[in-house]
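Raw contents of final-v5.cif, mmCIF, C-alpha atoms:
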data_work
#
loop_
_atom_site.group_PDB
_atom_site.id
_atom_site.type_symbol
_atom_site.label_atom_id
_atom_site.label_comp_id
_atom_site.auth_asym_id
_atom_site.auth_seq_id
_atom_site.Cartn_x
_atom_site.Cartn_y
_atom_site.Cartn_z
ATOM 1 C CA MET A 1 0.000 0.000 0.000
ATOM 2 C CA THR A 2 1.428 3.352 -1.040
ATOM 3 C CA VAL A 3 1.231 6.353 1.283
ATOM 4 C CA SER A 4 0.601 9.680 -0.448
ATOM 5 C CA GLY A 5 2.817 12.721 -0.049
ATOM 6 C CA GLU A 6 -0.001 14.591 1.710
ATOM 7 C CA THR A 7 -0.337 11.812 4.321
ATOM 8 C CA LYS A 8 3.430 11.831 4.874
ATOM 9 C CA ARG A 9 3.308 15.603 5.419
ATOM 10 C CA ARG A 10 0.559 15.111 8.022
ATOM 11 C CA PHE A 11 2.719 12.493 9.787
ATOM 12 C CA ALA A 12 5.604 14.966 9.716
ATOM 13 C CA LEU A 13 3.412 17.717 11.170
ATOM 14 C CA ALA A 14 2.054 15.430 13.909
ATOM 15 C CA THR A 15 5.595 14.353 14.819
ATOM 16 C CA ALA A 16 6.761 17.982 14.901
ATOM 17 C CA LEU A 17 3.808 18.877 17.175
ATOM 18 C CA ARG A 18 4.751 16.039 19.517
ATOM 19 C CA GLY A 19 8.294 17.410 19.575
ATOM 20 C CA ALA A 20 7.032 20.928 20.305
ATOM 21 C CA PHE A 21 4.877 19.718 23.213
ATOM 22 C CA MET A 22 7.794 17.706 24.605
ATOM 23 C CA LEU A 23 10.106 20.692 24.268
ATOM 24 C CA LEU A 24 7.631 22.951 26.095
ATOM 25 C CA ALA A 25 7.058 20.368 28.840
ATOM 26 C CA GLY A 26 10.807 19.843 29.218
ATOM 27 C CA LEU A 27 11.503 23.566 29.443
ATOM 28 C CA TYR A 28 8.681 23.942 31.982
ATOM 29 C CA ALA A 29 10.122 21.116 34.089
ATOM 30 C CA VAL A 30 13.633 22.573 33.965
ATOM 31 C CA ILE A 31 12.611 26.169 34.683
ATOM 32 C CA TRP A 32 9.809 25.500 37.218
ATOM 33 C CA PRO A 33 10.384 22.017 38.710
ATOM 34 C CA ALA A 34 8.155 22.483 41.777
ATOM 35 C CA GLU A 35 5.187 23.550 39.669
ATOM 36 C CA ALA A 36 5.826 20.706 37.223
ATOM 37 C CA LEU A 37 5.839 18.272 40.150
ATOM 38 C CA THR A 38 2.491 19.654 41.309
ATOM 39 C CA ILE A 39 1.069 19.221 37.809
ATOM 40 C CA LEU A 40 2.276 15.612 37.749
ATOM 41 C CA VAL A 41 0.549 14.926 41.066
ATOM 42 C CA LEU A 42 -2.645 16.624 39.826
ATOM 43 C CA ALA A 43 -2.560 14.486 36.686
ATOM 44 C CA GLY A 44 -2.241 11.443 38.945
ATOM 45 C CA GLY A 45 -5.249 12.641 40.953
ATOM 46 C CA ILE A 46 -7.305 13.024 37.784
ATOM 47 C CA LEU A 47 -6.320 9.517 36.699
ATOM 48 C CA LEU A 48 -7.327 8.121 40.097
ATOM 49 C CA VAL A 49 -10.752 9.810 39.906
ATOM 50 C CA ILE A 50 -11.354 8.514 36.379
ATOM 51 C CA ASP A 51 -10.156 5.015 37.268
ATOM 52 C CA GLY A 52 -12.247 4.825 40.436
ATOM 53 C CA ALA A 53 -15.375 6.202 38.780
ATOM 54 C CA LEU A 54 -15.093 3.913 35.749
ATOM 55 C CA GLY A 55 -14.344 0.931 37.976
ATOM 56 C CA LEU A 56 -17.412 1.567 40.127
ATOM 57 C CA TRP A 57 -19.541 2.165 37.039
ATOM 58 C CA SER A 58 -18.309 -1.084 35.537
ATOM 59 C CA LEU A 59 -19.135 -3.023 38.695
ATOM 60 C CA THR A 60 -22.548 -1.367 39.087
ATOM 61 C CA PHE A 61 -23.895 -0.899 35.567
ATOM 62 C CA GLY A 62 -21.358 -2.292 33.131
ATOM 63 C CA GLY A 63 -21.597 -5.933 34.068
ATOM 64 C CA GLY A 64 -17.996 -6.128 35.262
ATOM 65 C CA LYS A 65 -17.819 -9.083 37.652
ATOM 66 C CA SER A 66 -14.901 -10.619 39.458
ATOM 67 C CA GLY A 67 -14.417 -13.115 42.226
ATOM 68 C CA ASN A 68 -13.752 -10.375 44.775
ATOM 69 C CA TYR A 69 -16.707 -8.039 44.280
ATOM 70 C CA TRP A 70 -16.444 -6.158 47.581
ATOM 71 C CA PHE A 71 -12.673 -5.952 47.314
ATOM 72 C CA ASP A 72 -13.124 -4.331 43.870
ATOM 73 C CA VAL A 73 -15.771 -1.961 45.219
ATOM 74 C CA ALA A 74 -13.505 -0.935 48.112
ATOM 75 C CA GLY A 75 -10.456 -0.535 45.851
ATOM 76 C CA ASN A 76 -12.296 1.585 43.297
ATOM 77 C CA GLY A 77 -13.944 3.631 46.041
ATOM 78 C CA LEU A 78 -10.584 4.316 47.686
ATOM 79 C CA SER A 79 -9.107 5.233 44.301
ATOM 80 C CA LEU A 80 -11.924 7.707 43.758
ATOM 81 C CA LEU A 81 -11.584 9.126 47.275
ATOM 82 C CA LEU A 82 -7.792 9.522 47.015
ATOM 83 C CA GLY A 83 -8.139 11.222 43.633
ATOM 84 C CA VAL A 84 -10.686 13.683 45.017
ATOM 85 C CA LEU A 85 -8.469 14.422 48.042
ATOM 86 C CA ILE A 86 -5.504 15.088 45.752
ATOM 87 C CA LEU A 87 -7.586 17.422 43.591
ATOM 88 C CA ILE A 88 -8.975 19.271 46.610
ATOM 89 C CA SER A 89 -5.558 19.956 48.116
ATOM 90 C CA PRO A 90 -2.860 19.594 45.454
ATOM 91 C CA LEU A 91 -0.113 21.278 47.490
ATOM 92 C CA LEU A 92 -0.486 18.945 50.469
ATOM 93 C CA ALA A 93 -0.888 15.956 48.162
ATOM 94 C CA THR A 94 2.291 16.897 46.307
ATOM 95 C CA ILE A 95 4.298 17.240 49.493
ATOM 96 C CA PHE A 96 2.990 14.014 51.036
ATOM 97 C CA THR A 97 3.150 11.938 47.841
ATOM 98 C CA VAL A 98 6.606 13.149 46.863
ATOM 99 C CA THR A 99 7.926 12.783 50.386
ATOM 100 C CA PHE A 100 6.560 9.237 50.625
ATOM 101 C CA MET A 101 8.003 8.172 47.254
ATOM 102 C CA ALA A 102 11.364 9.802 47.967
ATOM 103 C CA THR A 103 11.473 8.077 51.351
ATOM 104 C CA LEU A 104 10.824 4.710 49.684
ATOM 105 C CA VAL A 105 13.611 5.347 47.156
ATOM 106 C CA GLY A 106 15.915 6.384 50.001
ATOM 107 C CA ILE A 107 15.185 3.240 52.012
ATOM 108 C CA VAL A 108 15.732 1.005 48.976
ATOM 109 C CA ALA A 109 19.018 2.754 48.155
ATOM 110 C CA LEU A 110 20.178 2.359 51.767
ATOM 111 C CA VAL A 111 19.320 -1.338 51.810
ATOM 112 C CA VAL A 112 21.035 -1.981 48.465
ATOM 113 C CA GLY A 113 24.146 -0.084 49.538
ATOM 114 C CA VAL A 114 24.430 -1.855 52.872
ATOM 115 C CA MET A 115 23.828 -5.232 51.208
ATOM 116 C CA GLN A 116 26.591 -4.564 48.677
ATOM 117 C CA ILE A 117 29.054 -3.599 51.384
ATOM 118 C CA VAL A 118 28.178 -6.546 53.646
ATOM 119 C CA VAL A 119 28.259 -9.153 50.881
ATOM 120 C CA ILE A 120 31.557 -7.990 49.383
ATOM 121 C CA THR A 121 33.292 -7.763 52.751
ATOM 122 C CA ARG A 122 32.090 -11.240 53.759
ATOM 123 C CA GLU A 123 33.190 -12.784 50.472
ATOM 124 C CA ARG A 124 36.275 -10.664 49.807
ATOM 125 C CA GLU A 125 38.544 -13.698 49.384
ATOM 126 C CA HIS A 126 36.648 -14.551 46.158
ATOM 127 C CA TYR A 127 37.356 -11.175 44.555
ATOM 128 C CA ALA A 128 40.605 -9.620 43.353
ATOM 129 C CA ARG A 129 39.507 -6.072 44.259
ATOM 130 C CA ILE A 130 36.619 -5.164 46.514
ATOM 131 C CA TRP A 131 36.965 -1.370 46.422
ATOM 132 C CA PRO A 132 34.795 -0.730 43.356
ATOM 133 C CA VAL A 133 31.885 -2.574 44.959
ATOM 134 C CA VAL A 134 32.492 -0.932 48.345
ATOM 135 C CA LEU A 135 32.520 2.510 46.703
ATOM 136 C CA SER A 136 29.327 1.617 44.848
ATOM 137 C CA GLY A 137 27.718 0.583 48.125
ATOM 138 C CA ILE A 138 28.832 3.784 49.818
ATOM 139 C CA SER A 139 27.400 5.768 46.893
ATOM 140 C CA TYR A 140 24.059 3.995 47.308
ATOM 141 C CA VAL A 141 24.063 4.696 51.050
ATOM 142 C CA LEU A 142 24.819 8.392 50.462
ATOM 143 C CA LEU A 143 22.115 8.595 47.790
ATOM 144 C CA GLY A 144 19.645 6.935 50.169
ATOM 145 C CA LEU A 145 20.482 9.407 52.919
ATOM 146 C CA LEU A 146 20.081 12.284 50.466
ATOM 147 C CA PHE A 147 16.605 11.026 49.499
ATOM 148 C CA LEU A 148 15.652 10.503 53.146
ATOM 149 C CA PHE A 149 16.803 13.879 54.440
ATOM 150 C CA PHE A 150 15.932 16.050 51.408
ATOM 151 C CA PRO A 151 12.962 14.389 49.668
ATOM 152 C CA LEU A 152 11.505 17.467 47.966
ATOM 153 C CA LEU A 153 14.910 18.641 46.734
ATOM 154 C CA THR A 154 15.737 15.255 45.233
ATOM 155 C CA ALA A 155 12.282 15.064 43.635
ATOM 156 C CA SER A 156 12.789 18.513 42.110
ATOM 157 C CA ILE A 157 16.174 17.441 40.765
ATOM 158 C CA GLY A 158 14.494 14.345 39.331
ATOM 159 C CA VAL A 159 11.907 16.545 37.599
ATOM 160 C CA ILE A 160 14.694 18.714 36.172
ATOM 161 C CA PHE A 161 16.501 15.600 34.924
ATOM 162 C CA GLY A 162 13.251 14.376 33.343
ATOM 163 C CA GLY A 163 12.822 17.796 31.730
ATOM 164 C CA VAL A 164 16.304 17.601 30.215
ATOM 165 C CA LEU A 165 15.458 14.153 28.826
ATOM 166 C CA LEU A 166 12.220 15.537 27.334
ATOM 167 C CA ILE A 167 14.162 18.344 25.660
ATOM 168 C CA MET A 168 16.667 15.881 24.207
ATOM 169 C CA PHE A 169 13.888 13.591 22.972
ATOM 170 C CA SER A 170 12.058 16.544 21.399
ATOM 171 C CA PHE A 171 15.097 17.269 19.231
ATOM 172 C CA GLY A 172 15.044 13.647 18.106
ATOM 173 C CA LEU A 173 11.377 14.053 17.155
ATOM 174 C CA PHE A 174 12.160 17.262 15.262
ATOM 175 C CA GLY A 175 14.821 15.401 13.295
ATOM 176 C CA TRP A 176 12.409 12.581 12.543
ATOM 177 C CA ALA A 177 9.708 15.058 11.481
ATOM 178 C CA TRP A 178 12.184 16.739 9.138
ATOM 179 C CA ARG A 179 13.091 13.393 7.565
ATOM 180 C CA LEU A 180 9.396 12.555 7.119
ATOM 181 C CA TYR A 181 8.796 15.935 5.533
ATOM 182 C CA GLN A 182 11.731 15.481 3.139
ATOM 183 C CA ARG A 183 10.403 12.062 2.136
ATOM 184 C CA SER A 184 6.938 13.538 1.533
ATOM 185 C CA LYS A 185 8.408 15.955 -1.028
ATOM 186 C CA ALA A 186 10.111 13.065 -2.849
ATOM 187 C CA ALA A 187 6.829 11.131 -3.169
#

Would it be possible to restate this file's structure as structure tokens?
Amino acid sequence: MTVSGETKRRFALATALRGAFMLLAGLYAVIWPAEALTILVLAGGILLVIDGALGLWSLTFGGGKSGNYWFDVAGNGLSLLLGVLILISPLLATIFTVTFMATLVGIVALVVGVMQIVVITREREHYARIWPVVLSGISYVLLGLLFLFFPLLTASIGVIFGGVLLIMFSFGLFGWAWRLYQRSKAA
């Protein structure tokens, strides 16, 4: 099946628009990371409301049945409630959600770092050099402590890093859109 030049130009335009949206989102995340984090939490709240409402509708009117009916009702109801609470108070939800997630990442990093250090020191006779693994473990421990003691700062840095990745990916999409456009002129 042959694709016309006009269709290829539309694909190029759609790809360029995707790149423009990614570039704008990336710049927003880099310039205003705290606001971008709040928007991400609000988007999560909207998704929870939609998921909970559709789940309850499916169980009530849509004929959705499972083996754990009341468990599904409770889960969808809690999803709906949590989404509404996030939408009512986005600032508190952002602080609590981000702090909780950063604390989990910090605990995991601490555990991984301590495990690396303990395992390599116990089994050091099997390895020629243990210092790279010990330094890696220490790095994990320091990263875990950073996440535990400064959760909002590390989350903001993560948003900035994500924004930089979005900017880089947008340039890739612009290049792809240009190639599609050039191919549409050849057709």

Gap from atom CA of A:Pro90 to atom CA of A:Ile107 - Å, one decimal: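 It comes out at 25.2 Å.
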
The PyMOL selection byres ((chain A and resi 16) around 10) applied to the shown file, residues as a list in words: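 Checked against the file, the PyMOL selection byres ((chain A and resi 16) around 10) matches Arg10, Phe11, Ala12, Leu13, Ala14, Thr15, Leu17, Arg18, Gly19, Ala20, Phe21, Met22, Ser170, Phe171, Gly172, Leu173, Phe174, Gly175, Trp176, Ala177, Trp178, Leu180 and Tyr181 of chain A.
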
Point-to-point distance from atom CA of A:Val49 to atom CA of A:Thr99, Å rounded to tenths: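 So the answer is 21.6 Å.
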
Residue IDs satisfying the PyMOL selection byres ((chain A and resi 31) around 12), as JSON, numbers by chain: {"A": [24, 25, 26, 27, 28, 29, 30, 32, 33, 34, 35, 36, 37, 156, 157, 159, 160, 161, 162, 163, 164]}

Residues selected by the PyMOL selection byres ((chain A and resi 68-78) around 9), written as a ChimeraX atom specification: /A:48,51-56,59,65-67,79-83

Could you save those same residues with C-alpha atoms as a PDB file, keeping the file's coordinate frame?
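The resulting file, again-v5.pdb, is reproduced below:
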ATOM      1  CA  LEU A  48      -7.327   8.121  40.097  1.00  0.00           C
ATOM      2  CA  ASP A  51     -10.156   5.015  37.268  1.00  0.00           C
ATOM      3  CA  GLY A  52     -12.247   4.825  40.436  1.00  0.00           C
ATOM      4  CA  ALA A  53     -15.375   6.202  38.780  1.00  0.00           C
ATOM      5  CA  LEU A  54     -15.093   3.913  35.749  1.00  0.00           C
ATOM      6  CA  GLY A  55     -14.344   0.931  37.976  1.00  0.00           C
ATOM      7  CA  LEU A  56     -17.412   1.567  40.127  1.00  0.00           C
ATOM      8  CA  LEU A  59     -19.135  -3.023  38.695  1.00  0.00           C
ATOM      9  CA  LYS A  65     -17.819  -9.083  37.652  1.00  0.00           C
ATOM     10  CA  SER A  66     -14.901 -10.619  39.458  1.00  0.00           C
ATOM     11  CA  GLY A  67     -14.417 -13.115  42.226  1.00  0.00           C
ATOM     12  CA  SER A  79      -9.107   5.233  44.301  1.00  0.00           C
ATOM     13  CA  LEU A  80     -11.924   7.707  43.758  1.00  0.00           C
ATOM     14  CA  LEU A  81     -11.584   9.126  47.275  1.00  0.00           C
ATOM     15  CA  LEU A  82      -7.792   9.522  47.015  1.00  0.00           C
ATOM     16  CA  GLY A  83      -8.139  11.222  43.633  1.00  0.00           C
TER      17      GLY A  83
END

Regenerate stretch 87-98 of chain A at the level of all heavy atoms and dump it as an mmCIF file, keeping the file's coordinate frame.
data_model
loop_
_atom_site.group_PDB
_atom_site.id
_atom_site.type_symbol
_atom_site.label_atom_id
_atom_site.label_comp_id
_atom_site.auth_asym_id
_atom_site.auth_seq_id
_atom_site.Cartn_x
_atom_site.Cartn_y
_atom_site.Cartn_z
ATOM 1 N N LEU A 87 -7.103 16.269 44.352
ATOM 2 C CA LEU A 87 -7.586 17.422 43.591
ATOM 3 C C LEU A 87 -8.037 18.561 44.496
ATOM 4 O O LEU A 87 -7.935 19.730 44.128
ATOM 5 C CB LEU A 87 -8.717 17.006 42.659
ATOM 6 C CG LEU A 87 -8.293 16.072 41.518
ATOM 7 C CD1 LEU A 87 -9.507 15.643 40.713
ATOM 8 C CD2 LEU A 87 -7.247 16.712 40.643
ATOM 9 N N ILE A 88 -8.542 18.230 45.690
ATOM 10 C CA ILE A 88 -8.975 19.271 46.610
ATOM 11 C C ILE A 88 -7.782 20.030 47.174
ATOM 12 O O ILE A 88 -7.811 21.241 47.304
ATOM 13 C CB ILE A 88 -9.820 18.660 47.761
ATOM 14 C CG1 ILE A 88 -11.178 18.237 47.227
ATOM 15 C CG2 ILE A 88 -9.989 19.658 48.900
ATOM 16 C CD1 ILE A 88 -12.012 17.482 48.238
ATOM 17 N N SER A 89 -6.728 19.328 47.510
ATOM 18 C CA SER A 89 -5.558 19.956 48.116
ATOM 19 C C SER A 89 -4.291 19.504 47.397
ATOM 20 O O SER A 89 -3.550 18.665 47.910
ATOM 21 C CB SER A 89 -5.483 19.603 49.596
ATOM 22 O OG SER A 89 -4.349 20.199 50.167
ATOM 23 N N PRO A 90 -4.004 20.061 46.233
ATOM 24 C CA PRO A 90 -2.860 19.594 45.454
ATOM 25 C C PRO A 90 -1.514 19.873 46.126
ATOM 26 O O PRO A 90 -0.592 19.070 46.004
ATOM 27 C CB PRO A 90 -2.976 20.342 44.136
ATOM 28 C CG PRO A 90 -3.852 21.502 44.404
ATOM 29 C CD PRO A 90 -4.738 21.115 45.541
ATOM 30 N N LEU A 91 -1.389 20.973 46.857
ATOM 31 C CA LEU A 91 -0.113 21.278 47.490
ATOM 32 C C LEU A 91 0.226 20.248 48.553
ATOM 33 O O LEU A 91 1.330 19.705 48.577
ATOM 34 C CB LEU A 91 -0.133 22.681 48.095
ATOM 35 C CG LEU A 91 1.160 23.098 48.789
ATOM 36 C CD1 LEU A 91 2.303 23.138 47.783
ATOM 37 C CD2 LEU A 91 0.995 24.431 49.464
ATOM 38 N N LEU A 92 -0.740 19.952 49.442
ATOM 39 C CA LEU A 92 -0.486 18.945 50.469
ATOM 40 C C LEU A 92 -0.262 17.567 49.852
ATOM 41 O O LEU A 92 0.603 16.815 50.279
ATOM 42 C CB LEU A 92 -1.646 18.890 51.466
ATOM 43 C CG LEU A 92 -1.745 20.063 52.433
ATOM 44 C CD1 LEU A 92 -2.983 19.925 53.291
ATOM 45 C CD2 LEU A 92 -0.508 20.135 53.295
ATOM 46 N N ALA A 93 -1.042 17.252 48.827
ATOM 47 C CA ALA A 93 -0.888 15.956 48.162
ATOM 48 C C ALA A 93 0.487 15.843 47.523
ATOM 49 O O ALA A 93 1.129 14.786 47.587
ATOM 50 C CB ALA A 93 -1.981 15.766 47.119
ATOM 51 N N THR A 94 0.964 16.925 46.923
ATOM 52 C CA THR A 94 2.291 16.897 46.307
ATOM 53 C C THR A 94 3.360 16.655 47.357
ATOM 54 O O THR A 94 4.236 15.808 47.186
ATOM 55 C CB THR A 94 2.570 18.222 45.569
ATOM 56 O OG1 THR A 94 1.577 18.403 44.580
ATOM 57 C CG2 THR A 94 3.941 18.213 44.932
ATOM 58 N N ILE A 95 3.277 17.379 48.449
ATOM 59 C CA ILE A 95 4.298 17.240 49.493
ATOM 60 C C ILE A 95 4.269 15.834 50.078
ATOM 61 O O ILE A 95 5.306 15.182 50.207
ATOM 62 C CB ILE A 95 4.109 18.312 50.583
ATOM 63 C CG1 ILE A 95 4.444 19.691 50.000
ATOM 64 C CG2 ILE A 95 4.978 18.012 51.794
ATOM 65 C CD1 ILE A 95 4.095 20.841 50.905
ATOM 66 N N PHE A 96 3.074 15.332 50.425
ATOM 67 C CA PHE A 96 2.990 14.014 51.036
ATOM 68 C C PHE A 96 3.366 12.904 50.058
ATOM 69 O O PHE A 96 4.096 11.986 50.395
ATOM 70 C CB PHE A 96 1.599 13.758 51.611
ATOM 71 C CG PHE A 96 1.296 14.569 52.833
ATOM 72 C CD1 PHE A 96 0.078 15.194 52.980
ATOM 73 C CD2 PHE A 96 2.246 14.723 53.831
ATOM 74 C CE1 PHE A 96 -0.205 15.951 54.109
ATOM 75 C CE2 PHE A 96 1.974 15.481 54.954
ATOM 76 C CZ PHE A 96 0.752 16.101 55.093
ATOM 77 N N THR A 97 2.860 12.975 48.817
ATOM 78 C CA THR A 97 3.150 11.938 47.841
ATOM 79 C C THR A 97 4.630 11.911 47.497
ATOM 80 O O THR A 97 5.250 10.855 47.475
ATOM 81 C CB THR A 97 2.310 12.167 46.565
ATOM 82 O OG1 THR A 97 0.944 12.204 46.925
ATOM 83 C CG2 THR A 97 2.538 11.071 45.555
ATOM 84 N N VAL A 98 5.195 13.075 47.231
ATOM 85 C CA VAL A 98 6.606 13.149 46.863
ATOM 86 C C VAL A 98 7.488 12.733 48.031
ATOM 87 O O VAL A 98 8.463 12.005 47.851
ATOM 88 C CB VAL A 98 6.946 14.574 46.370
ATOM 89 C CG1 VAL A 98 8.436 14.751 46.206
ATOM 90 C CG2 VAL A 98 6.223 14.849 45.072
#
